[in-house]
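Undergrad: My structure file target-v9.tsv, TSV, C-alpha atoms, is below:
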chain	number	residue	atom	x	y	z
F	1249	MET	CA	-21.27	5.18	9.56
F	1250	ARG	CA	-20.82	1.87	11.41
F	1251	VAL	CA	-18.87	-0.87	9.64
F	1252	LEU	CA	-18.70	-4.55	10.52
F	1253	GLY	CA	-15.24	-5.96	9.78
F	1254	ILE	CA	-14.57	-9.68	9.12
F	1255	GLU	CA	-11.05	-11.14	9.03
F	1256	THR	CA	-10.53	-14.80	8.01
F	1257	SER	CA	-7.37	-14.75	5.91
F	1258	CYS	CA	-5.45	-17.46	7.77
F	1259	ASP	CA	-5.76	-18.99	11.23
F	1260	GLU	CA	-7.49	-16.26	13.23
F	1261	THR	CA	-11.14	-15.26	13.06
F	1262	GLY	CA	-11.47	-11.56	13.86
F	1263	ILE	CA	-14.68	-9.52	14.02
F	1264	ALA	CA	-15.02	-5.83	14.89
F	1265	ILE	CA	-17.37	-2.89	14.56
F	1266	TYR	CA	-15.98	0.57	13.80
F	1267	ASP	CA	-17.93	3.82	14.03
F	1268	GLY	CA	-16.69	6.87	12.17
F	1269	GLU	CA	-17.54	9.16	15.09
F	1270	GLN	CA	-17.17	6.95	18.16
F	1271	GLY	CA	-14.25	4.82	17.00
F	1272	LEU	CA	-13.94	1.11	17.72
F	1273	LEU	CA	-17.12	-0.18	19.36
F	1274	SER	CA	-16.18	-3.84	19.76
F	1275	HIS	CA	-13.66	-6.40	18.61
F	1276	VAL	CA	-13.48	-10.14	19.25
F	1277	LEU	CA	-10.86	-12.64	18.15
F	1278	TYR	CA	-10.60	-16.41	18.01
F	1279	SER	CA	-7.20	-18.01	17.43
F	1280	GLN	CA	-6.77	-21.44	15.87
F	1281	ILE	CA	-3.28	-21.98	17.30
F	1282	PRO	CA	-4.30	-25.02	19.42
F	1283	LEU	CA	-5.95	-26.56	16.34
F	1284	HIS	CA	-2.77	-26.40	14.24
F	1285	ALA	CA	-0.16	-26.93	16.97
F	1286	ASP	CA	0.06	-30.71	16.47
F	1287	TYR	CA	0.94	-30.14	12.80
F	1288	GLY	CA	3.59	-27.48	13.40
F	1289	GLY	CA	1.89	-25.08	10.97
F	1290	VAL	CA	-1.42	-23.98	9.53
F	1291	VAL	CA	-3.44	-26.70	7.74
F	1292	PRO	CA	-5.56	-24.76	5.19
F	1293	GLU	CA	-8.52	-27.17	5.14
F	1294	LEU	CA	-8.78	-27.23	8.93
F	1295	ALA	CA	-8.50	-23.44	9.02
F	1296	SER	CA	-11.37	-23.03	6.57
F	1297	ARG	CA	-13.65	-25.41	8.44
F	1298	ASP	CA	-12.97	-23.69	11.75
F	1299	HIS	CA	-13.78	-20.28	10.24
F	1300	VAL	CA	-17.12	-21.75	9.12
F	1301	ARG	CA	-17.87	-22.75	12.71
F	1302	LYS	CA	-16.67	-19.58	14.42
F	1303	THR	CA	-17.37	-16.56	12.20
F	1304	LEU	CA	-21.13	-16.15	12.61
F	1305	PRO	CA	-21.11	-16.71	16.42
F	1306	LEU	CA	-18.34	-14.12	16.72
F	1307	ILE	CA	-20.36	-11.62	14.65
F	1308	LYS	CA	-23.27	-12.09	17.05
F	1309	GLN	CA	-20.89	-11.62	19.98
F	1310	ALA	CA	-19.43	-8.41	18.53
F	1311	LEU	CA	-22.90	-6.98	17.95
F	1312	ALA	CA	-23.94	-7.88	21.49
F	1313	GLU	CA	-20.82	-6.34	23.04
F	1314	ALA	CA	-21.43	-3.12	21.11
F	1315	GLY	CA	-25.10	-3.11	22.08
F	1316	LEU	CA	-26.14	-3.11	18.43
F	1317	THR	CA	-28.35	-5.07	16.07
F	1318	ALA	CA	-27.98	-5.75	12.36
F	1319	ALA	CA	-30.15	-2.70	11.67
F	1320	ASP	CA	-27.45	-0.48	13.20
F	1321	ILE	CA	-24.77	-1.61	10.74
F	1322	ASP	CA	-24.21	0.64	7.71
F	1323	GLY	CA	-21.69	-1.46	5.81
F	1324	VAL	CA	-19.75	-4.74	5.84
F	1325	ALA	CA	-16.03	-5.09	5.14
F	1326	TYR	CA	-14.30	-8.44	4.74
F	1327	THR	CA	-10.77	-9.56	3.94
F	1328	ALA	CA	-10.56	-10.72	0.31
F	1329	GLY	CA	-6.80	-11.29	0.11
F	1330	PRO	CA	-4.00	-12.01	0.28
F	1331	GLY	CA	-4.31	-15.21	2.29
F	1332	LEU	CA	-5.49	-18.80	2.13
F	1333	ALA	CA	-8.15	-19.14	-0.58
F	1334	GLY	CA	-10.51	-21.35	1.40
F	1335	ALA	CA	-10.25	-19.26	4.56
F	1336	LEU	CA	-10.81	-16.05	2.60
F	1337	LEU	CA	-13.89	-17.48	0.93
F	1338	VAL	CA	-15.54	-18.11	4.29
F	1339	GLY	CA	-15.35	-14.47	5.33
F	1340	ALA	CA	-16.10	-13.14	1.85
F	1341	THR	CA	-19.15	-15.34	1.38
F	1342	LEU	CA	-20.59	-14.56	4.78
F	1343	GLY	CA	-19.76	-10.85	4.61
F	1344	ARG	CA	-21.20	-10.34	1.16
F	1345	SER	CA	-24.30	-12.40	2.01
F	1346	LEU	CA	-24.99	-10.48	5.20
F	1347	ALA	CA	-24.62	-7.17	3.35
F	1348	PHE	CA	-27.09	-8.36	0.72
F	1349	ALA	CA	-29.56	-9.58	3.33
F	1350	TRP	CA	-29.25	-6.36	5.33
F	1351	GLN	CA	-29.35	-4.23	2.14
F	1352	LYS	CA	-26.07	-2.56	3.05
F	1353	PRO	CA	-22.95	-1.89	0.96
F	1354	ALA	CA	-20.06	-4.36	1.16
F	1355	LEU	CA	-16.36	-3.90	0.55
F	1356	ALA	CA	-13.50	-6.34	-0.08
F	1357	VAL	CA	-10.48	-5.25	1.98
F	1358	HIS	CA	-6.82	-5.89	1.26
F	1359	HIS	CA	-5.36	-7.67	4.29
F	1360	MET	CA	-2.07	-5.76	4.19
F	1361	GLU	CA	-3.83	-2.40	3.85
F	1362	GLY	CA	-5.59	-3.34	7.07
F	1363	HIS	CA	-2.22	-3.90	8.77
F	1364	LEU	CA	-0.78	-0.73	7.27
F	1365	LEU	CA	-3.65	1.40	8.62
F	1366	ALA	CA	-3.89	-0.34	12.02
F	1367	PRO	CA	-1.74	2.29	13.82
F	1368	MET	CA	-4.41	4.86	12.91
F	1369	LEU	CA	-6.69	3.17	15.43
F	1370	GLU	CA	-4.45	4.60	18.17
F	1371	GLU	CA	-4.71	8.09	19.69
F	1372	ASP	CA	-1.23	8.98	18.44
F	1373	ALA	CA	-1.92	8.22	14.78
F	1374	PRO	CA	0.61	8.98	12.03
F	1375	ALA	CA	-0.07	11.66	9.42
F	1376	PHE	CA	0.61	11.13	5.72
F	1377	PRO	CA	3.08	10.66	4.15
F	1378	PHE	CA	5.03	7.93	5.94
F	1379	LEU	CA	7.17	4.87	5.35
F	1380	ALA	CA	5.57	1.56	6.32
F	1381	LEU	CA	7.44	-1.60	7.30
F	1382	LEU	CA	4.97	-4.47	6.98
F	1383	VAL	CA	6.59	-7.39	8.74
F	1384	SER	CA	4.80	-10.64	9.48
F	1385	GLY	CA	4.90	-14.38	8.92
F	1386	GLY	CA	3.90	-13.98	5.30
F	1387	HIS	CA	5.24	-10.56	4.31
F	1388	THR	CA	8.23	-8.28	4.73
F	1389	GLN	CA	7.70	-5.10	2.71
F	1390	LEU	CA	8.76	-1.47	2.71
F	1391	VAL	CA	6.03	0.80	1.34
F	1392	ALA	CA	5.96	4.54	0.72
F	1393	VAL	CA	2.51	5.75	1.77
F	1394	GLU	CA	1.24	9.10	0.49
F	1395	GLY	CA	-2.39	8.47	1.43
F	1396	ILE	CA	-4.95	5.67	1.66
F	1397	GLY	CA	-4.50	3.62	-1.48
F	1398	SER	CA	-1.46	5.64	-2.63
F	1399	TYR	CA	1.22	3.03	-2.08
F	1400	THR	CA	4.60	2.52	-3.71
F	1401	LEU	CA	6.36	-0.76	-3.00
F	1402	LEU	CA	10.04	0.01	-2.32
F	1403	GLY	CA	11.28	-3.43	-1.31
F	1404	GLU	CA	10.14	-6.87	-0.21
F	1405	SER	CA	11.46	-10.28	0.75
F	1406	ILE	CA	12.59	-12.43	-2.18
F	1407	ASP	CA	12.18	-15.63	-0.12
F	1408	ASP	CA	11.25	-16.14	3.55
F	1409	ALA	CA	9.49	-13.32	5.38
F	1410	ALA	CA	11.00	-12.20	8.68
F	1411	GLY	CA	8.24	-13.78	10.75
F	1412	GLU	CA	8.56	-17.00	8.76
F	1413	ALA	CA	12.30	-17.08	9.51
F	1414	PHE	CA	11.55	-16.60	13.22
F	1415	ASP	CA	9.07	-19.48	13.20
F	1416	LYS	CA	11.27	-21.84	11.18
F	1417	THR	CA	14.33	-21.18	13.33
F	1418	ALA	CA	12.28	-21.69	16.47
F	1419	LYS	CA	11.11	-25.03	15.08
F	1420	LEU	CA	14.73	-26.04	14.45
F	1421	MET	CA	15.41	-25.22	18.11
F	1422	GLY	CA	12.56	-27.47	19.21
F	1423	LEU	CA	10.29	-24.68	20.45
F	1424	GLU	CA	6.52	-25.15	20.41
F	1425	TYR	CA	4.31	-23.77	17.65
F	1426	PRO	CA	4.09	-20.89	16.93
F	1427	GLY	CA	7.74	-20.48	17.78
F	1428	GLY	CA	8.48	-16.90	16.77
F	1429	PRO	CA	7.16	-15.22	19.94
F	1430	LEU	CA	8.82	-17.94	22.08
F	1431	LEU	CA	12.15	-17.33	20.35
F	1432	ALA	CA	11.84	-13.59	21.02
F	1433	LYS	CA	11.10	-14.30	24.70
F	1434	LEU	CA	14.07	-16.68	24.93
F	1435	ALA	CA	16.30	-14.03	23.34
F	1436	THR	CA	15.92	-11.82	26.42
F	1437	LEU	CA	17.99	-14.42	28.34
F	1438	GLY	CA	20.80	-14.66	25.81
F	1439	ASP	CA	23.85	-12.79	24.52
F	1440	PRO	CA	23.12	-11.19	21.12
F	1441	LYS	CA	26.87	-11.03	20.38
F	1442	LYS	CA	27.60	-14.69	21.12
F	1443	TYR	CA	27.15	-15.87	17.53
F	1444	THR	CA	27.77	-13.97	14.32
F	1445	PHE	CA	24.92	-14.34	11.87
F	1446	PRO	CA	24.70	-12.65	8.46
F	1447	ARG	CA	22.69	-9.49	7.82
F	1448	PRO	CA	21.41	-10.62	4.39
F	1449	MET	CA	21.51	-8.25	1.40
F	1450	THR	CA	22.74	-5.30	3.48
F	1451	ASP	CA	26.11	-5.26	1.71
F	1452	ARG	CA	24.53	-4.25	-1.59
F	1453	PRO	CA	22.23	-1.42	-2.75
F	1454	GLY	CA	18.50	-1.82	-2.71
F	1455	LEU	CA	15.64	-2.35	-0.30
F	1456	ASP	CA	14.75	-6.01	-0.85
F	1457	PHE	CA	15.08	-8.58	1.92
F	1458	SER	CA	16.20	-12.21	2.14
F	1459	PHE	CA	15.99	-14.28	5.30
F	1460	SER	CA	16.38	-17.87	4.09
F	1461	GLY	CA	20.19	-17.72	4.33
F	1462	LEU	CA	19.98	-16.41	7.88
F	1463	LYS	CA	17.74	-19.32	8.80
F	1464	THR	CA	20.26	-21.74	7.26
F	1465	ALA	CA	23.12	-20.12	9.21
F	1466	ALA	CA	21.15	-20.53	12.41
F	1467	SER	CA	20.48	-24.18	11.54
F	1468	LEU	CA	24.21	-24.88	11.22
F	1469	VAL	CA	24.95	-23.28	14.59
F	1470	ILE	CA	22.11	-25.23	16.24
F	1471	GLN	CA	23.53	-28.51	14.89
F	1472	LYS	CA	27.06	-27.63	15.99
F	1473	GLU	CA	26.51	-26.09	19.41
F	1474	GLY	CA	23.95	-28.46	20.89
F	1475	ASN	CA	20.76	-27.74	22.74
F	1476	THR	CA	21.50	-26.57	26.28
F	1477	ALA	CA	19.34	-23.83	27.75
F	1478	GLN	CA	22.07	-21.16	27.57
F	1479	VAL	CA	23.10	-22.12	24.04
F	1480	GLN	CA	19.46	-21.84	22.94
F	1481	ALA	CA	19.12	-18.43	24.59
F	1482	ASP	CA	22.32	-17.17	22.95
F	1483	ILE	CA	21.28	-18.47	19.52
F	1484	ALA	CA	17.86	-16.86	19.92
F	1485	ALA	CA	19.37	-13.52	20.94
F	1486	SER	CA	21.97	-13.55	18.15
F	1487	PHE	CA	19.40	-14.55	15.54
F	1488	GLN	CA	16.92	-11.91	16.65
F	1489	GLN	CA	19.62	-9.23	16.58
F	1490	ALA	CA	20.52	-10.20	13.03
F	1491	VAL	CA	16.89	-9.84	11.91
F	1492	VAL	CA	16.47	-6.53	13.75
F	1493	ASP	CA	19.73	-5.13	12.37
F	1494	THR	CA	18.72	-6.11	8.84
F	1495	LEU	CA	15.33	-4.40	9.18
F	1496	LEU	CA	16.95	-1.30	10.69
F	1497	ILE	CA	19.49	-0.97	7.88
F	1498	LYS	CA	16.81	-1.25	5.20
F	1499	CYS	CA	14.46	1.16	7.00
F	1500	ARG	CA	17.22	3.73	7.32
F	1501	ARG	CA	17.92	3.49	3.59
F	1502	ALA	CA	14.24	3.83	2.74
F	1503	LEU	CA	13.81	6.84	5.03
F	1504	GLN	CA	16.83	8.53	3.48
F	1505	GLN	CA	15.55	7.71	-0.01
F	1506	THR	CA	12.05	9.09	0.60
F	1507	GLY	CA	12.96	11.90	2.99
F	1508	TYR	CA	10.12	10.81	5.29
F	1509	LYS	CA	10.40	11.30	9.05
F	1510	ARG	CA	7.56	8.99	10.06
F	1511	LEU	CA	7.81	5.20	10.11
F	1512	VAL	CA	4.90	2.83	10.65
F	1513	ILE	CA	5.60	-0.79	11.58
F	1514	ALA	CA	2.73	-3.28	11.43
F	1515	GLY	CA	2.15	-7.02	11.19
F	1516	GLY	CA	2.85	-9.76	13.70
F	1517	VAL	CA	6.59	-9.07	14.05
F	1518	SER	CA	5.87	-5.43	14.89
F	1519	ALA	CA	5.04	-6.69	18.39
F	1520	ASN	CA	8.70	-7.62	18.88
F	1521	GLU	CA	10.01	-5.43	21.71
F	1522	GLU	CA	13.61	-5.33	20.51
F	1523	LEU	CA	12.52	-4.19	17.05
F	1524	ARG	CA	10.29	-1.48	18.51
F	1525	THR	CA	13.04	-0.25	20.80
F	1526	GLN	CA	15.76	-0.14	18.17
F	1527	LEU	CA	13.56	1.52	15.57
F	1528	GLY	CA	12.51	4.10	18.15
F	1529	ILE	CA	16.14	4.91	18.91
F	1530	MET	CA	17.01	5.14	15.22
F	1531	LEU	CA	14.06	7.39	14.32
F	1532	GLY	CA	14.79	9.61	17.32
F	1533	ALA	CA	18.38	10.10	16.16
F	1534	MET	CA	17.07	10.97	12.68
F	1535	GLY	CA	14.60	13.51	14.06
F	1536	GLY	CA	11.63	11.29	13.26
F	1537	LYS	CA	9.14	9.05	15.00
F	1538	VAL	CA	7.97	5.45	14.83
F	1539	PHE	CA	4.30	4.44	15.06
F	1540	TYR	CA	2.78	1.01	15.67
F	1541	PRO	CA	-0.54	-0.51	16.73
F	1542	ARG	CA	-1.22	-1.92	20.17
F	1543	LYS	CA	-0.04	-5.51	20.42
F	1544	ALA	CA	-3.57	-6.91	20.13
F	1545	PHE	CA	-3.75	-5.35	16.66
F	1546	CYS	CA	-0.30	-6.44	15.44
F	1547	THR	CA	-1.51	-9.92	14.54
F	1548	ASP	CA	-4.54	-10.52	12.31
F	1549	ASN	CA	-7.71	-8.93	13.69
F	1550	GLY	CA	-11.11	-7.62	12.66
F	1551	ALA	CA	-10.52	-4.07	13.91
F	1552	MET	CA	-8.04	-3.24	11.17
F	1553	ILE	CA	-10.43	-4.62	8.53
F	1554	ALA	CA	-13.37	-2.64	9.90
F	1555	PHE	CA	-11.26	0.54	9.95
F	1556	ALA	CA	-9.83	0.06	6.45
F	1557	GLY	CA	-13.28	-0.83	5.15
F	1558	TYR	CA	-14.79	2.25	6.76
F	1559	GLN	CA	-12.31	4.53	4.97
F	1560	ARG	CA	-13.27	3.19	1.55
F	1561	LEU	CA	-17.01	2.78	2.19
F	1562	ALA	CA	-17.17	6.35	3.50
F	1563	ALA	CA	-15.53	7.44	0.24
F	1564	GLY	CA	-18.30	5.76	-1.73
F	1565	GLN	CA	-16.52	2.58	-2.78
F	1566	GLN	CA	-18.33	-0.78	-2.60
F	1567	GLN	CA	-18.46	-4.24	-4.18
F	1568	ASP	CA	-21.02	-5.62	-6.62
F	1569	LEU	CA	-22.83	-8.88	-5.83
F	1570	THR	CA	-19.93	-11.02	-7.02
F	1571	ILE	CA	-18.24	-13.04	-4.27
F	1572	GLY	CA	-14.55	-13.38	-5.01
F	1573	VAL	CA	-11.18	-13.51	-3.27
F	1574	THR	CA	-7.61	-12.77	-4.39
F	1575	PRO	CA	-5.10	-15.01	-2.54
F	1576	ARG	CA	-2.23	-13.14	-4.25
F	1577	TRP	CA	-2.97	-9.42	-4.35
F	1578	PRO	CA	-0.18	-6.82	-4.75
F	1579	LEU	CA	-0.70	-3.90	-2.39
F	1580	ASP	CA	0.32	-1.29	-4.94
F	1581	ARG	CA	-2.59	-2.23	-7.23
F	1582	LEU	CA	-5.14	-0.67	-4.88
F	1583	SER	CA	-6.91	2.49	-5.97
F	1584	PRO	CA	-6.46	5.71	-3.96
F	1585	ILE	CA	-9.34	7.50	-2.25
Would you mind writing the file out in structure tokens?

TA:
Amino acid sequence: MRVLGIETSCDETGIAIYDGEQGLLSHVLYSQIPLHADYGGVVPELASRDHVRKTLPLIKQALAEAGLTAADIDGVAYTAGPGLAGALLVGATLGRSLAFAWQKPALAVHHMEGHLLAPMLEEDAPAFPFLALLVSGGHTQLVAVEGIGSYTLLGESIDDAAGEAFDKTAKLMGLEYPGGPLLAKLATLGDPKKYTFPRPMTDRPGLDFSFSGLKTAASLVIQKEGNTAQVQADIAASFQQAVVDTLLIKCRRALQQTGYKRLVIAGGVSANEELRTQLGIMLGAMGGKVFYPRKAFCTDNGAMIAFAGYQRLAAGQQQDLTIGVTPRWPLDRLSPI
């Protein structure tokens, strides 16, 4: 079975084709970062309009790169949530319409399930069960995964997500949009012990996260210490270390609680090198292993949607003719396969 995957949940248009026997046949991605840079964040209306312009040409490109035609596609998967309603509707409308025109089954994919399963696109794929840390600009969640669709939410952010805190702190430092990756790069030049930032909610039981207070603490230091190059590097390093330490503490608790020895990290922040390194060290000391997707598949992409869609379409699931999206869609409401 060959599945066309369409991702339009926010500011990246991702298209991919996944084959159950041959694996990933093609994947193309268009980023809207230059479009939103002047505004310092994603403008939903502009994002939707750009998806309208880019999605169909990218589908044609993905088919061409795979050497396929529409007749070779056996199913269509599209992101239906969570995300920006207008952006989601572009992919859902086009995906469902193409499936109807081609007389193929269609499937609405949960965006975070796509991220969660993305490491399975790699040769060294994790086996079930495992603990998943989904960490991005919009989500920070710890999920116990027993199988596809068998998810138990253990903890999540009660305010800012980790990636959101990275971006907001970078903006306070005057870094260009999107600032999170720039802050992480700047951190390599700084002293992570120079400033003492809080590790929020680690002094109490539980697996929930909170990063808004950490962002506020960083803001106060930025205002007090000035804006020289070395001060910026030290703030970046100290802030990043606080985020990484917080994630490590919560992951350790969740691993001990579940007894799992495998940890999957996915989402945009999973590309952070310091986080990968520290989690790898921690899991090694615990006799476990950490898994993550290649960096191209950490951020939003069509490959993860095509793969997640394939799993459910191959199990016989599909959508009716209704075109709908779910901007707020809890991961643990998905059905198992």

Undergrad: What does the distance from atom CA of Pro1367 of chain F to atom CA of Tyr1266 of chain F come to in Å, to one decimal?

TA: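 Atom CA of Tyr1266 of chain F lies at a distance of 14.3 Å from atom CA of Pro1367 of chain F.
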
Undergrad: Every residue with an atom at most 12 Å from (-17.9, 6.4, -0.3) (file coordinates; only C-alpha atoms) is what I'm after, so could you write them as a list of chain:residue names?

TA: F:Met1249, F:Asp1322, F:Gly1323, F:Pro1353, F:Ala1354, F:Leu1355, F:Gly1557, F:Tyr1558, F:Gln1559, F:Arg1560, F:Leu1561, F:Ala1562, F:Ala1563, F:Gly1564, F:Gln1565, F:Gln1566, F:Gln1567, F:Ile1585

Undergrad: Can you work out which one of F:Ala1514, F:Leu1523, F:Met1552, F:Ala1502 has the shortest atom-to-atom distance to Gln1488 of chain F, counting all atoms listed in the file?

TA: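 Of F:Ala1514, F:Leu1523, F:Met1552, F:Ala1502, the one nearest Gln1488 of chain F is F:Leu1523, counting all atoms listed in the file.
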
Undergrad: Pick from F:Gly1516, F:His1359, F:Ala1481, F:Thr1303: nearest to Ala1409 of chain F, with all atoms listed in the file counted?

TA: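 When distances to Ala1409 of chain F are compared using all atoms listed in the file, the smallest one comes from F:Gly1516.
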
Undergrad: Do you have the atom CA of Val1492 of chain F-atom CA of Gly1403 of chain F distance handy?

TA: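 Separation of atom CA of Val1492 of chain F and atom CA of Gly1403 of chain F: 16.2 Å.
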
Undergrad: As an exercise, work out the distance from atom CA of Ser1384 of chain F to atom CA of Gln1489 of chain F in Å and give it to one decimal place.

TA: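 Atom CA of Ser1384 of chain F sits 16.5 Å away from atom CA of Gln1489 of chain F.
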
Undergrad: Using only C-alpha atoms, which residues sit within 12 Å of Cys1546 of chain F once same-chain residues fewer than 2 positions away are excluded, as a PyMOL selection string?

TA: chain F and resi 1360+1362-1367+1369+1382-1385+1512-1520+1539-1544+1548-1552

Undergrad: For Leu1294 of chain F, work out the shell of residues within 12 Å, counting only C-alpha atoms and skipping chain neighbours fewer than 3 positions away, then give it as a list in words.

TA: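 Neighbouring residues, sequence-local ones excluded: Cys1258, Asp1259, Glu1260, Gln1280, Ile1281, Pro1282, Leu1283, His1284, Ala1285, Tyr1287, Gly1289, Val1290, Val1291, Arg1297, Asp1298, His1299, Val1300, Arg1301, Leu1332, Gly1334 and Ala1335 of chain F.
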
Undergrad: My list of candidates is F:Asp1493, F:Asp1415, F:Asp1408, F:Asp1482. Which is closest to Ser1458 of chain F when distances are computed with all atoms listed in the file?

TA: F:Asp1408

Undergrad: Of the residues F:Leu1511, F:Ala1295, F:Leu1311, F:Ile1553, which is the one nearest to Gly1535 of chain F, using only C-alpha atoms?

TA: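 Ranking F:Leu1511, F:Ala1295, F:Leu1311, F:Ile1553 by distance to Gly1535 of chain F, first place goes to F:Leu1511.
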
Undergrad: Tell me which of F:Ser1486, F:Gln1471, F:Thr1327, F:Ser1345 sits closest to Trp1577 of chain F, counting all atoms listed in the file.

TA: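 Smallest separation from Trp1577 of chain F among the options: F:Thr1327.
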
Undergrad: List as a PyMOL selection string the protein and nucleic acid residues near segment 1421-1423 of chain F, meaning an atom at most 8 Å away when all atoms listed in the file are counted, but skip any in the same chain fewer than 5 places from it.

TA: chain F and resi 1430-1431+1470+1475+1480

Undergrad: What lies within 8 Å of segment 1404-1406 of chain F using all atoms listed in the file, ignoring chain neighbours under 6 positions off, as number ranges by chain?

TA: F: 1387-1390, 1455-1459

Undergrad: Could you add the missing atoms to segment 1564-1584 of chain F, up to N, CA and C atoms, and return them as a short mmCIF file (atom, residue, chain, number, x, y, z; two decimals), keeping the file's coordinate frame?

TA:
data_model
loop_
_atom_site.label_atom_id
_atom_site.label_comp_id
_atom_site.auth_asym_id
_atom_site.auth_seq_id
_atom_site.Cartn_x
_atom_site.Cartn_y
_atom_site.Cartn_z
N GLY F 1564 -17.36 6.14 -0.68
CA GLY F 1564 -18.30 5.76 -1.73
C GLY F 1564 -17.96 4.49 -2.49
N GLN F 1565 -16.88 3.82 -2.11
CA GLN F 1565 -16.52 2.58 -2.78
C GLN F 1565 -17.33 1.42 -2.23
N GLN F 1566 -17.66 0.43 -3.06
CA GLN F 1566 -18.33 -0.78 -2.60
C GLN F 1566 -18.23 -1.86 -3.67
N GLN F 1567 -18.54 -3.10 -3.27
CA GLN F 1567 -18.46 -4.24 -4.18
C GLN F 1567 -19.81 -4.48 -4.85
N ASP F 1568 -19.78 -5.15 -6.03
CA ASP F 1568 -21.02 -5.62 -6.62
C ASP F 1568 -21.40 -6.94 -5.94
N LEU F 1569 -22.34 -7.66 -6.48
CA LEU F 1569 -22.83 -8.88 -5.83
C LEU F 1569 -21.90 -10.08 -6.01
N THR F 1570 -20.87 -9.92 -6.81
CA THR F 1570 -19.93 -11.02 -7.02
C THR F 1570 -19.16 -11.33 -5.74
N ILE F 1571 -19.04 -12.62 -5.42
CA ILE F 1571 -18.24 -13.04 -4.27
C ILE F 1571 -16.94 -13.60 -4.82
N GLY F 1572 -15.85 -12.93 -4.52
CA GLY F 1572 -14.55 -13.38 -5.01
C GLY F 1572 -13.45 -13.02 -4.05
N VAL F 1573 -12.35 -13.78 -4.11
CA VAL F 1573 -11.18 -13.51 -3.27
C VAL F 1573 -9.94 -13.49 -4.16
N THR F 1574 -8.87 -12.89 -3.65
CA THR F 1574 -7.61 -12.77 -4.39
C THR F 1574 -6.48 -13.21 -3.47
N PRO F 1575 -6.14 -14.51 -3.45
CA PRO F 1575 -5.10 -15.01 -2.54
C PRO F 1575 -3.75 -14.32 -2.73
N ARG F 1576 -3.44 -13.92 -3.97
CA ARG F 1576 -2.23 -13.14 -4.25
C ARG F 1576 -2.67 -11.79 -4.80
N TRP F 1577 -2.41 -10.73 -4.02
CA TRP F 1577 -2.97 -9.42 -4.35
C TRP F 1577 -1.94 -8.35 -4.02
N PRO F 1578 -1.20 -7.84 -5.01
CA PRO F 1578 -0.18 -6.82 -4.75
C PRO F 1578 -0.81 -5.56 -4.15
N LEU F 1579 -0.18 -5.06 -3.10
CA LEU F 1579 -0.70 -3.90 -2.39
C LEU F 1579 -0.74 -2.66 -3.26
N ASP F 1580 0.24 -2.51 -4.15
CA ASP F 1580 0.32 -1.29 -4.94
C ASP F 1580 -0.67 -1.25 -6.10
N ARG F 1581 -1.54 -2.26 -6.21
CA ARG F 1581 -2.59 -2.23 -7.23
C ARG F 1581 -3.90 -1.62 -6.71
N LEU F 1582 -3.92 -1.26 -5.45
CA LEU F 1582 -5.14 -0.67 -4.88
C LEU F 1582 -5.34 0.74 -5.43
N SER F 1583 -6.59 1.15 -5.49
CA SER F 1583 -6.91 2.49 -5.97
C SER F 1583 -6.90 3.47 -4.81
N PRO F 1584 -6.45 4.70 -5.03
CA PRO F 1584 -6.46 5.71 -3.96
C PRO F 1584 -7.85 6.24 -3.71
#
